[in-house]
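Asks: CSV, C-alpha atoms and all ligand atoms, saved as final-v3.csv, coming up:
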```csv
chain,number,residue,atom,x,y,z
A,16,MET,CA,19.3,-44.8,8.2
A,17,ASN,CA,18.9,-45.5,11.9
A,18,THR,CA,16.2,-43.8,13.9
A,19,HIS,CA,17.4,-45.5,17.1
A,20,GLN,CA,20.7,-43.7,17.1
A,21,LYS,CA,21.0,-41.1,19.9
A,22,SER,CA,21.8,-38.1,17.8
A,23,HIS,CA,20.5,-37.1,14.4
A,24,SER,CA,23.4,-34.7,14.0
A,25,VAL,CA,25.7,-34.9,10.9
A,26,PRO,CA,28.7,-32.8,11.8
A,27,VAL,CA,30.0,-30.6,9.0
A,28,LYS,CA,33.7,-31.0,10.0
A,29,GLY,CA,34.9,-34.2,8.5
A,30,GLY,CA,31.5,-34.9,6.8
A,31,ARG,CA,30.9,-35.9,3.2
A,32,PHE,CA,28.1,-34.0,1.5
A,33,LEU,CA,26.3,-34.1,-1.8
A,34,LEU,CA,24.5,-31.0,-2.9
A,35,ILE,CA,21.9,-31.9,-5.5
A,36,GLY,CA,21.3,-28.9,-7.8
A,37,GLY,CA,24.7,-27.8,-6.4
A,38,ALA,CA,25.5,-25.3,-9.2
A,39,SER,CA,22.8,-23.0,-8.0
A,40,LEU,CA,22.7,-19.7,-6.1
A,41,VAL,CA,22.1,-21.6,-2.8
A,42,GLY,CA,24.3,-24.6,-3.7
A,43,SER,CA,27.4,-22.7,-4.5
A,44,THR,CA,27.2,-20.5,-1.3
A,45,THR,CA,26.4,-23.6,0.9
A,46,ALA,CA,29.4,-25.4,-0.7
A,47,ASP,CA,31.7,-22.5,0.3
A,48,LEU,CA,30.4,-22.6,3.9
A,49,LEU,CA,30.7,-26.4,4.3
A,50,LEU,CA,34.2,-26.3,2.9
A,51,ALA,CA,35.2,-23.4,5.2
A,52,GLN,CA,33.8,-25.3,8.1
A,53,GLY,CA,36.0,-28.4,7.4
A,54,ALA,CA,33.9,-30.8,5.3
A,55,ALA,CA,35.9,-33.7,4.0
A,56,GLU,CA,34.0,-33.8,0.7
A,57,VAL,CA,31.5,-31.6,-1.1
A,58,ALA,CA,30.1,-33.2,-4.3
A,59,LEU,CA,28.0,-31.0,-6.5
A,60,PHE,CA,25.4,-32.9,-8.6
A,61,ASP,CA,23.7,-30.9,-11.3
A,62,ASN,CA,22.4,-31.3,-14.9
A,63,PHE,CA,23.3,-27.6,-15.5
A,64,SER,CA,19.8,-26.9,-16.9
A,65,PHE,CA,19.7,-23.6,-14.9
A,66,GLY,CA,22.9,-23.7,-12.7
A,67,SER,CA,26.1,-22.4,-14.3
A,68,THR,CA,29.7,-23.5,-14.1
A,69,ASP,CA,30.4,-19.8,-13.4
A,70,ASN,CA,28.8,-20.3,-10.0
A,71,ILE,CA,31.2,-23.1,-9.0
A,72,ARG,CA,34.3,-22.3,-11.0
A,73,HIS,CA,36.0,-20.8,-7.9
A,74,LEU,CA,35.8,-24.3,-6.2
A,75,GLU,CA,37.6,-26.2,-8.9
A,76,GLY,CA,41.0,-26.1,-7.3
A,77,ASP,CA,39.8,-27.6,-4.0
A,78,LYS,CA,40.6,-31.3,-3.8
A,79,ARG,CA,37.6,-31.9,-1.6
A,80,VAL,CA,35.2,-30.8,-4.3
A,81,ARG,CA,33.7,-33.1,-6.9
A,82,ILE,CA,31.5,-32.0,-9.7
A,83,VAL,CA,29.0,-34.6,-10.9
A,84,GLN,CA,27.0,-34.0,-14.1
A,85,GLY,CA,23.7,-35.9,-13.6
A,86,ASP,CA,19.9,-35.6,-13.6
A,87,ILE,CA,17.6,-36.4,-10.7
A,88,LEU,CA,15.2,-38.0,-13.0
A,89,ARG,CA,17.8,-40.7,-13.6
A,90,LEU,CA,17.9,-42.8,-10.4
A,91,PRO,CA,21.1,-44.8,-11.3
A,92,GLN,CA,23.0,-41.5,-11.4
A,93,LEU,CA,21.7,-40.6,-8.0
A,94,LEU,CA,22.5,-44.0,-6.6
A,95,ALA,CA,26.1,-43.7,-7.8
A,96,ALA,CA,26.4,-40.1,-6.5
A,97,THR,CA,25.1,-40.9,-2.9
A,98,GLU,CA,27.6,-43.7,-2.2
A,99,ASN,CA,29.6,-43.0,0.9
A,100,ILE,CA,27.8,-39.7,1.5
A,101,ASP,CA,26.8,-38.6,5.0
A,102,GLY,CA,24.5,-35.7,4.2
A,103,VAL,CA,22.5,-34.7,1.1
A,104,LEU,CA,21.1,-31.2,0.5
A,105,HIS,CA,18.4,-31.4,-2.1
A,106,LEU,CA,18.1,-28.1,-4.0
A,107,ALA,CA,17.3,-29.1,-7.6
A,108,ALA,CA,13.9,-27.7,-8.5
A,109,VAL,CA,11.9,-25.7,-10.9
A,110,MET,CA,10.5,-22.4,-9.5
A,111,THR,CA,7.4,-20.5,-10.3
A,112,ILE,CA,8.6,-18.5,-13.4
A,113,SER,CA,10.0,-21.7,-15.1
A,114,MET,CA,7.0,-23.7,-13.9
A,115,ASP,CA,4.8,-21.2,-15.8
A,116,ARG,CA,6.6,-22.2,-19.0
A,117,ASP,CA,6.5,-26.0,-18.5
A,118,SER,CA,4.4,-27.2,-15.5
A,119,TRP,CA,4.5,-30.9,-16.5
A,120,GLY,CA,8.3,-30.9,-16.8
A,121,GLY,CA,8.6,-28.9,-13.5
A,122,LEU,CA,6.3,-31.3,-11.6
A,123,ASP,CA,8.4,-34.2,-12.7
A,124,ILE,CA,11.5,-32.6,-11.3
A,125,ASN,CA,9.9,-31.3,-8.1
A,126,ILE,CA,8.0,-34.6,-7.3
A,127,ARG,CA,9.5,-37.6,-9.0
A,128,GLY,CA,12.9,-36.0,-8.6
A,129,VAL,CA,12.4,-35.8,-4.8
A,130,GLN,CA,11.2,-39.4,-4.7
A,131,ASN,CA,14.4,-40.5,-6.5
A,132,VAL,CA,16.6,-38.5,-4.1
A,133,ILE,CA,14.9,-40.2,-1.1
A,134,GLU,CA,15.3,-43.6,-2.7
A,135,ALA,CA,19.0,-43.0,-3.3
A,136,CYS,CA,19.4,-41.8,0.4
A,137,ARG,CA,17.6,-44.9,1.6
A,138,ALA,CA,19.6,-47.3,-0.6
A,139,ASN,CA,23.0,-45.8,0.4
A,140,ARG,CA,22.1,-45.2,4.1
A,141,VAL,CA,22.7,-41.5,3.9
A,142,LYS,CA,22.6,-40.1,7.5
A,143,LYS,CA,20.5,-37.0,6.8
A,144,LEU,CA,18.6,-35.4,4.0
A,145,VAL,CA,18.0,-31.6,4.1
A,146,PHE,CA,15.2,-30.7,1.7
A,147,ALA,CA,15.0,-27.1,0.3
A,148,SER,CA,11.4,-26.2,0.5
A,149,SER,CA,9.8,-22.7,0.3
A,150,ASN,CA,7.4,-20.3,1.9
A,151,ALA,CA,5.4,-21.1,-1.3
A,152,VAL,CA,3.9,-23.9,0.9
A,153,TYR,CA,1.7,-21.2,2.5
A,154,GLY,CA,0.4,-20.2,-1.0
A,155,TYR,CA,-0.3,-16.8,-2.4
A,156,GLY,CA,-3.2,-14.5,-2.9
A,157,PRO,CA,-5.7,-12.7,-0.6
A,158,GLY,CA,-5.6,-15.5,2.1
A,159,VAL,CA,-1.9,-14.8,2.9
A,160,ALA,CA,-1.4,-12.1,5.6
A,161,GLY,CA,-0.1,-11.7,9.1
A,162,ASP,CA,2.5,-14.0,10.7
A,163,LEU,CA,3.2,-17.2,8.7
A,164,VAL,CA,4.3,-20.0,11.0
A,165,GLU,CA,5.0,-23.6,10.2
A,166,SER,CA,1.4,-24.6,10.8
A,167,THR,CA,-0.1,-21.9,8.6
A,168,PRO,CA,-2.3,-23.6,5.9
A,169,PHE,CA,-1.9,-23.3,2.1
A,170,HIS,CA,-3.9,-20.6,0.3
A,171,SER,CA,-4.6,-21.0,-3.4
A,172,ALA,CA,-7.6,-18.8,-4.1
A,173,GLY,CA,-6.8,-15.8,-6.3
A,174,ALA,CA,-3.2,-16.7,-7.1
A,175,PRO,CA,-1.6,-17.5,-10.4
A,176,PRO,CA,-1.6,-21.3,-11.3
A,177,ALA,CA,2.2,-21.6,-11.7
A,178,ALA,CA,2.8,-20.2,-8.2
A,179,ILE,CA,0.2,-22.7,-6.8
A,180,ILE,CA,1.6,-25.6,-8.8
A,181,TYR,CA,5.1,-24.8,-7.5
A,182,GLY,CA,3.9,-24.4,-3.8
A,183,ALA,CA,1.9,-27.6,-4.0
A,184,SER,CA,4.9,-29.5,-5.5
A,185,LYS,CA,7.0,-28.4,-2.5
A,186,ILE,CA,4.2,-29.6,-0.1
A,187,ILE,CA,4.4,-33.0,-1.8
A,188,GLY,CA,8.2,-33.0,-1.6
A,189,GLU,CA,8.0,-32.4,2.1
A,190,GLN,CA,5.3,-35.1,2.6
A,191,LEU,CA,7.4,-37.6,0.7
A,192,CYS,CA,10.2,-36.9,3.2
A,193,ARG,CA,7.8,-37.4,6.1
A,194,ASP,CA,6.4,-40.6,4.5
A,195,ALA,CA,9.9,-42.0,4.1
A,196,HIS,CA,10.7,-41.1,7.8
A,197,ARG,CA,7.6,-43.0,8.9
A,198,LYS,CA,8.2,-46.0,6.7
A,199,ASP,CA,12.0,-46.3,6.5
A,200,GLY,CA,13.3,-44.0,9.2
A,201,LEU,CA,14.6,-41.4,6.9
A,202,ASN,CA,16.4,-38.8,8.9
A,203,TYR,CA,15.5,-35.4,7.4
A,204,VAL,CA,14.9,-31.7,8.0
A,205,VAL,CA,12.9,-29.5,5.7
A,206,VAL,CA,14.1,-25.9,5.4
A,207,ARG,CA,11.4,-23.5,4.1
A,208,TYR,CA,13.3,-20.7,2.4
A,209,SER,CA,11.8,-17.3,1.9
A,210,THR,CA,13.0,-15.4,-1.2
A,211,VAL,CA,16.7,-15.8,-1.5
A,212,TYR,CA,19.0,-13.0,-2.6
A,213,GLY,CA,22.7,-12.4,-2.6
A,214,GLU,CA,25.9,-12.9,-4.6
A,215,ARG,CA,25.4,-15.0,-7.8
A,216,GLN,CA,21.8,-13.8,-8.0
A,217,HIS,CA,19.8,-15.2,-10.9
A,218,TYR,CA,16.6,-14.1,-12.6
A,219,ARG,CA,14.5,-17.3,-11.8
A,220,ALA,CA,13.0,-16.1,-8.4
A,221,ALA,CA,10.0,-13.8,-9.1
A,222,ASN,CA,10.4,-11.7,-6.0
A,223,ALA,CA,14.2,-11.3,-6.3
A,224,LEU,CA,13.5,-9.5,-9.6
A,225,TYR,CA,12.6,-6.4,-7.6
A,226,ILE,CA,16.3,-6.2,-6.7
A,227,ILE,CA,18.1,-7.3,-9.8
A,228,GLU,CA,15.8,-5.7,-12.4
A,229,THR,CA,15.8,-2.4,-10.4
A,230,HIS,CA,19.6,-2.4,-10.5
A,231,ASP,CA,19.7,-3.3,-14.2
A,232,ARG,CA,17.4,-0.3,-15.0
A,233,ILE,CA,19.5,2.1,-12.9
A,234,LYS,CA,22.6,0.9,-14.8
A,235,LYS,CA,20.8,1.8,-18.1
A,236,GLY,CA,19.8,5.2,-16.7
A,237,GLU,CA,16.1,4.1,-16.8
A,238,ARG,CA,13.7,4.9,-13.9
A,239,PRO,CA,13.2,1.8,-11.7
A,240,ARG,CA,9.6,0.5,-11.6
A,241,VAL,CA,7.3,-0.2,-8.7
A,242,ILE,CA,4.2,-2.1,-9.4
A,243,GLY,CA,1.1,-0.3,-8.0
A,244,ASP,CA,1.7,1.8,-4.8
A,245,GLY,CA,4.5,-0.4,-3.7
A,246,SER,CA,2.9,-1.4,-0.4
A,247,GLU,CA,3.1,-5.1,-1.2
A,248,THR,CA,5.1,-7.1,1.4
A,249,LYS,CA,8.1,-9.3,0.5
A,250,HIS,CA,10.2,-11.3,2.9
A,251,PHE,CA,13.8,-12.2,1.8
A,252,VAL,CA,16.7,-14.1,3.3
A,253,TYR,CA,20.3,-13.4,2.5
A,254,VAL,CA,22.0,-16.4,0.8
A,255,GLY,CA,24.9,-16.5,3.3
A,256,ASP,CA,22.4,-16.7,6.2
A,257,LEU,CA,20.6,-19.5,4.3
A,258,ALA,CA,23.8,-21.5,3.8
A,259,ARG,CA,24.3,-21.3,7.6
A,260,ALA,CA,20.7,-22.6,8.0
A,261,ASN,CA,21.5,-25.6,5.7
A,262,ALA,CA,24.7,-26.4,7.7
A,263,ARG,CA,22.8,-26.1,11.0
A,264,ALA,CA,20.1,-28.4,9.7
A,265,PHE,CA,22.7,-31.1,9.2
A,266,GLU,CA,24.4,-30.5,12.5
A,267,ALA,CA,21.4,-30.1,14.7
A,268,ASP,CA,19.8,-33.0,16.5
A,269,ALA,CA,16.5,-32.2,14.8
A,270,THR,CA,14.8,-34.8,12.5
A,271,ASP,CA,11.3,-35.1,11.0
A,272,ALA,CA,11.0,-31.3,11.3
A,273,ALA,CA,10.2,-28.3,9.0
A,274,VAL,CA,11.3,-24.8,9.7
A,275,ASN,CA,11.0,-21.4,8.1
A,276,VAL,CA,14.2,-19.5,7.3
A,277,SER,CA,13.7,-15.8,6.6
A,278,GLY,CA,15.6,-12.6,7.0
A,279,PRO,CA,15.4,-10.2,10.0
A,280,ALA,CA,12.3,-8.4,8.8
A,281,PRO,CA,10.0,-8.1,5.7
A,282,VAL,CA,10.1,-5.0,3.4
A,283,THR,CA,7.6,-3.4,1.0
A,284,THR,CA,8.4,-3.3,-2.6
A,285,LEU,CA,8.7,0.5,-2.5
A,286,GLU,CA,11.1,0.4,0.4
A,287,LEU,CA,13.1,-2.3,-1.4
A,288,VAL,CA,13.3,-0.3,-4.7
A,289,LYS,CA,14.3,2.9,-2.8
A,290,LEU,CA,17.0,0.9,-1.0
A,291,VAL,CA,18.5,-0.4,-4.3
A,292,ILE,CA,18.4,3.1,-5.7
A,293,GLU,CA,20.2,4.6,-2.7
A,294,LEU,CA,22.8,1.8,-2.6
A,295,SER,CA,23.4,2.2,-6.3
A,296,GLY,CA,24.2,5.8,-5.6
A,297,SER,CA,21.5,6.9,-8.1
A,298,LYS,CA,19.4,10.0,-8.1
A,299,LEU,CA,16.6,8.4,-10.1
A,300,THR,CA,13.1,8.2,-8.6
A,301,PRO,CA,10.8,5.2,-8.9
A,302,GLU,CA,8.0,5.1,-11.5
A,303,HIS,CA,4.7,3.5,-10.4
A,304,VAL,CA,3.3,1.2,-13.1
A,305,GLU,CA,0.5,-1.3,-13.6
A,306,PRO,CA,1.4,-5.0,-13.5
A,307,GLU,CA,2.6,-6.3,-16.8
A,308,ALA,CA,0.0,-8.6,-18.5
A,309,GLY,CA,1.1,-12.3,-18.6
A,310,LYS,CA,4.0,-11.9,-16.1
A,311,VAL,CA,3.6,-14.1,-13.0
A,312,ARG,CA,3.3,-12.0,-9.8
A,313,LEU,CA,3.4,-13.4,-6.2
A,314,THR,CA,0.7,-11.5,-4.3
A,315,SER,CA,-0.6,-11.6,-0.8
A,316,GLY,CA,-3.6,-10.3,1.2
A,317,GLY,CA,-1.7,-7.6,2.9
A,318,ALA,CA,1.3,-7.2,5.2
A,319,PHE,CA,2.9,-10.5,6.2
A,320,ARG,CA,5.9,-11.8,8.0
A,321,ILE,CA,7.6,-15.2,7.8
A,322,ASP,CA,8.3,-16.2,11.4
A,323,HIS,CA,11.6,-18.0,12.0
A,324,ALA,CA,11.4,-18.6,15.7
A,325,ALA,CA,10.9,-22.3,15.2
A,326,ALA,CA,14.3,-22.5,13.3
A,327,GLU,CA,16.0,-21.0,16.3
A,328,LYS,CA,14.5,-23.6,18.5
A,329,ALA,CA,15.0,-26.7,16.3
A,330,ILE,CA,18.3,-26.0,14.5
A,331,GLY,CA,19.7,-23.0,16.5
A,332,TRP,CA,19.6,-20.6,13.6
A,333,LYS,CA,18.6,-17.0,13.2
A,334,PRO,CA,19.4,-14.4,10.5
A,335,GLU,CA,22.4,-12.0,10.8
A,336,ILE,CA,22.3,-10.0,7.7
A,337,ASP,CA,19.7,-7.2,7.2
A,338,MET,CA,18.6,-6.1,3.7
A,339,ARG,CA,20.8,-3.0,3.6
A,340,GLU,CA,23.9,-5.1,4.1
A,341,GLY,CA,22.7,-8.0,1.9
A,342,ILE,CA,21.8,-5.8,-1.0
A,343,ARG,CA,25.1,-3.9,-0.7
A,344,ARG,CA,26.9,-7.2,-1.1
A,345,LEU,CA,24.7,-8.3,-4.0
A,346,LEU,CA,25.3,-5.0,-5.9
A,347,LYS,CA,29.0,-5.1,-5.2
A,348,TRP,CA,29.2,-8.6,-6.7
A,349,ARG,CA,27.0,-7.6,-9.7
A,350,ASP,CA,29.1,-4.5,-10.5
A,351,GLU,CA,32.4,-6.5,-10.2
A,352,THR,CA,31.0,-9.3,-12.4
A,353,LEU,CA,29.9,-6.9,-15.1
A,354,ALA,CA,33.2,-5.0,-14.9
A,355,ALA,CA,35.1,-8.3,-15.3
A,356,GLU,CA,32.9,-9.3,-18.3
A,357,THR,CA,33.5,-5.9,-19.9
A,358,ALA,CA,37.3,-6.2,-19.4
A,359,LYS,CA,37.2,-9.7,-20.9
A,360,GLY,CA,35.2,-8.4,-23.9
A,361,ASP,CA,37.7,-5.5,-24.4
A,362,LYS,CA,40.6,-7.9,-24.6
A,363,LYS,CA,39.1,-10.0,-27.3
A,401,LIG,N1,15.7,-18.7,-5.0
A,401,LIG,C1,14.7,-18.5,-4.2
A,401,LIG,O1,14.3,-17.3,-4.0
A,401,LIG,C2,14.1,-19.6,-3.5
A,401,LIG,C3,13.1,-19.4,-2.5
A,401,LIG,C4,12.5,-20.5,-1.9
A,401,LIG,C5,12.9,-21.8,-2.1
A,401,LIG,N2,13.9,-22.0,-3.1
A,401,LIG,C6,14.3,-23.4,-3.4
A,401,LIG,O2,15.7,-23.4,-3.2
A,401,LIG,C7,16.3,-24.3,-4.1
A,401,LIG,C8,17.5,-23.7,-4.8
A,401,LIG,O3,17.1,-22.5,-5.3
A,401,LIG,P1,18.1,-21.6,-6.2
A,401,LIG,O4,17.6,-20.2,-6.3
A,401,LIG,O5,19.5,-21.8,-5.7
A,401,LIG,O6,17.8,-22.4,-7.5
A,401,LIG,P2,18.5,-22.5,-9.0
A,401,LIG,O7,17.5,-22.3,-10.0
A,401,LIG,O8,19.7,-21.5,-9.0
A,401,LIG,O9,19.0,-23.9,-8.8
A,401,LIG,C9,18.4,-25.1,-9.1
A,401,LIG,C10,19.5,-26.0,-9.6
A,401,LIG,O10,19.0,-27.3,-9.9
A,401,LIG,C11,19.5,-27.8,-11.1
A,401,LIG,N3,18.6,-28.7,-11.7
A,401,LIG,C12,17.3,-28.4,-12.2
A,401,LIG,N4,16.8,-29.6,-12.6
A,401,LIG,C13,17.7,-30.6,-12.4
A,401,LIG,C14,17.7,-32.0,-12.6
A,401,LIG,N5,16.6,-32.6,-13.3
A,401,LIG,N6,18.7,-32.7,-12.3
A,401,LIG,C15,19.8,-32.1,-11.7
A,401,LIG,N7,19.9,-30.8,-11.4
A,401,LIG,C16,18.8,-30.0,-11.8
A,401,LIG,C17,19.7,-26.5,-11.9
A,401,LIG,O11,20.6,-26.7,-13.0
A,401,LIG,C18,20.2,-25.5,-10.9
A,401,LIG,O12,21.6,-25.5,-10.7
A,401,LIG,C19,15.2,-24.8,-5.0
A,401,LIG,O13,14.7,-26.0,-4.5
A,401,LIG,C20,14.1,-23.7,-4.8
A,401,LIG,O14,12.8,-24.3,-5.0
A,401,LIG,C21,14.5,-21.0,-3.7
```
Would you kindly transcribe this structure into structure tokens?

Replies:
Amino acid sequence: MNTHQKSHSVPVKGGRFLLIGGASLVGSTTADLLLAQGAAEVALFDNFSFGSTDNIRHLEGDKRVRIVQGDILRLPQLLAATENIDGVLHLAAVMTISMDRDSWGGLDINIRGVQNVIEACRANRVKKLVFASSNAVYGYGPGVAGDLVESTPFHSAGAPPAAIIYGASKIIGEQLCRDAHRKDGLNYVVVRYSTVYGERQHYRAANALYIIETHDRIKKGERPRVIGDGSETKHFVYVGDLARANARAFEADATDAAVNVSGPAPVTTLELVKLVIELSGSKLTPEHVEPEAGKVRLTSGGAFRIDHAAAEKAIGWKPEIDMREGIRRLLKWRDETLAAETAKGDKK
């Protein structure tokens, strides 16, 4: 890595990329975009603990795609995978819900895993690392309200341990990147994602459950649930917009920077559930319920908004897809996937 080079840009066209945790919601969509923009190679490194081959099956015919089964806790596998790579996008992580089940295992992946990725980038002179962080670095609970900007501090009081452990692990991941920049000149950009939603949605992100579980209940003819009065704020980002942000982070001249990436505007959980009901063409009305005991919830101290102005300045990115359009796309994908599965089952 050379900090003295004029530009810190890694052009997508003709570039060779490794997406670590590539079989994920974010990885598969970013791979599609990098390929569409002319990348010479996109390697997807994953241990398939969460990610599924279903997410990346559509890429198998493309000669520029390489699928590498490997674990970020095994440094030799990362060293082999990063050879001749220009840009690494590091996505592999354990999020809050899974962290709640196994915090020791999760911390290993989110901290030692990041350190291994950095070491592999250093050893193989990777030109740029883009690290997938999260708005969880601002914490949760009553201290979180108003505009969240990149300098907003971490709040832990009154929030569930798993959410705080996850947020703190992302802070450490970011700081390991900064430390490697300082000591070895690692060229990196941290992208702090807000809750991601879109095609290939999974059940691992606590906030995205408001969308996917609502749709599942509607399909079963059950009334969708809203916790409390539904005035809680959530801020999402559409996965296609996020893929563009990842690509911009490579191409921009920015280095040693951290930026928020969020959708056009936040929503309340009641607005969100009503939108899913409307776009599902349902006449059901939401049912207000108490929080389920033992289920991790990501709370705040009132209305908040994750500001993405710094991303526009540093990497030339802003969101294009609002929640109405993004949810319409997610539901279309979900309905088509379920229909295809049913058709497959009928044939057996
Ligand atoms: N989904 C969200 O709402 C959200 C929000 C903020 C930040 N993020 C961050 O974005 C990234 C991607 O999120 P996603 O929703 O696409 O996640 P995901 O759970 O779909 O993907 C994580 C991927 O990493 C892989 N993985 C896990 N442990 C591994 C290991 N030890 N070695 C190799 N691969 C391993 C999994 O198999 C999976 O494919 C994560 O870093 C997450 O923390 C996600």

Asks: Enumerate as a ChimeraX atom specification the residues within 7 Å of ligand LIG 401 (chain A), counting only C-alpha atoms and all ligand atoms.

Replies: /A:35-42,60-67,85-88,105-110,124,128,147-150,207-212,217,219-220,223

Asks: Is it possible to get the residues within 12 Å of (14.4, -20.0, 15.4) (coordinates as in the file, counting all atoms listed in the file) written as number ranges by chain?

Replies: A: 164-165, 206, 260, 263-264, 273-279, 321-334

Asks: How far is it from atom CA of A:Ile180 to atom CA of A:Lys143, in Å with one decimal?

Replies: 27.0 Å

Asks: Under the rule that only C-alpha atoms are counted, which of A:Ile233, A:Ile186, A:Lys142, A:Arg116 is the nearest residue to A:Gly309?

Replies: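 Closest residue, counting only C-alpha atoms: A:Arg116.
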
Asks: So that each row is one residue of stretch 186-276 of chain A with an atom at most 6 Å from stretch 280-303 of chain A, can you give its shortest atom pair and the distance in Å to one decimal, using all atoms listed in the file, rows by chain and rising number, as CSV?

Replies:
```
residue,atom,partner,partner_atom,distance
A:Arg238,CA,A:Pro301,CA,5.8
A:Pro239,CA,A:Pro301,CA,5.0
A:Arg240,CA,A:Glu302,CA,4.9
A:Val241,CA,A:His303,CA,4.8
A:Ile242,CA,A:His303,CA,5.7
A:Gly243,CA,A:His303,CA,5.8
A:Gly245,CA,A:Leu285,CA,4.5
A:Ser246,CA,A:Thr283,CA,5.3
A:Glu247,CA,A:Thr283,CA,5.3
A:Thr248,CA,A:Thr283,CA,4.5
A:Lys249,CA,A:Val282,CA,5.6
A:His250,CA,A:Pro281,CA,4.3
```

Asks: Please identify all polymer residues within 8 Å of stretch 341-347 of chain A, counting only C-alpha atoms, omitting same-chain residues fewer than 3 positions from it, and present them as a PDB file with C-alpha atoms, in the coordinates of the input.

Replies:
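That gives us selection_17.pdb:
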```
ATOM      1  CA  TYR A 212      19.000 -13.000  -2.600  1.00  0.00           C
ATOM      2  CA  GLY A 213      22.700 -12.400  -2.600  1.00  0.00           C
ATOM      3  CA  GLU A 214      25.900 -12.900  -4.600  1.00  0.00           C
ATOM      4  CA  ARG A 215      25.400 -15.000  -7.800  1.00  0.00           C
ATOM      5  CA  GLN A 216      21.800 -13.800  -8.000  1.00  0.00           C
ATOM      6  CA  ILE A 226      16.300  -6.200  -6.700  1.00  0.00           C
ATOM      7  CA  HIS A 230      19.600  -2.400 -10.500  1.00  0.00           C
ATOM      8  CA  TYR A 253      20.300 -13.400   2.500  1.00  0.00           C
ATOM      9  CA  VAL A 291      18.500  -0.400  -4.300  1.00  0.00           C
ATOM     10  CA  LEU A 294      22.800   1.800  -2.600  1.00  0.00           C
ATOM     11  CA  SER A 295      23.400   2.200  -6.300  1.00  0.00           C
ATOM     12  CA  ILE A 336      22.300 -10.000   7.700  1.00  0.00           C
ATOM     13  CA  ASP A 337      19.700  -7.200   7.200  1.00  0.00           C
ATOM     14  CA  MET A 338      18.600  -6.100   3.700  1.00  0.00           C
ATOM     15  CA  ASP A 350      29.100  -4.500 -10.500  1.00  0.00           C
ATOM     16  CA  GLU A 351      32.400  -6.500 -10.200  1.00  0.00           C
TER      17      GLU A 351
END
```

Asks: Could you work out how far atom CA of A:Ile82 lies from atom CA of A:Ala58, giving the answer in Å with one decimal?

Replies: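 The value is 5.7 Å.
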
Asks: With only C-alpha atoms as the atoms that count, which of A:Ala354, A:Val103, A:Ala269, A:Val141 lies nearest to A:Ser24?

Replies: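 Smallest separation from A:Ser24 among the options: A:Ala269.
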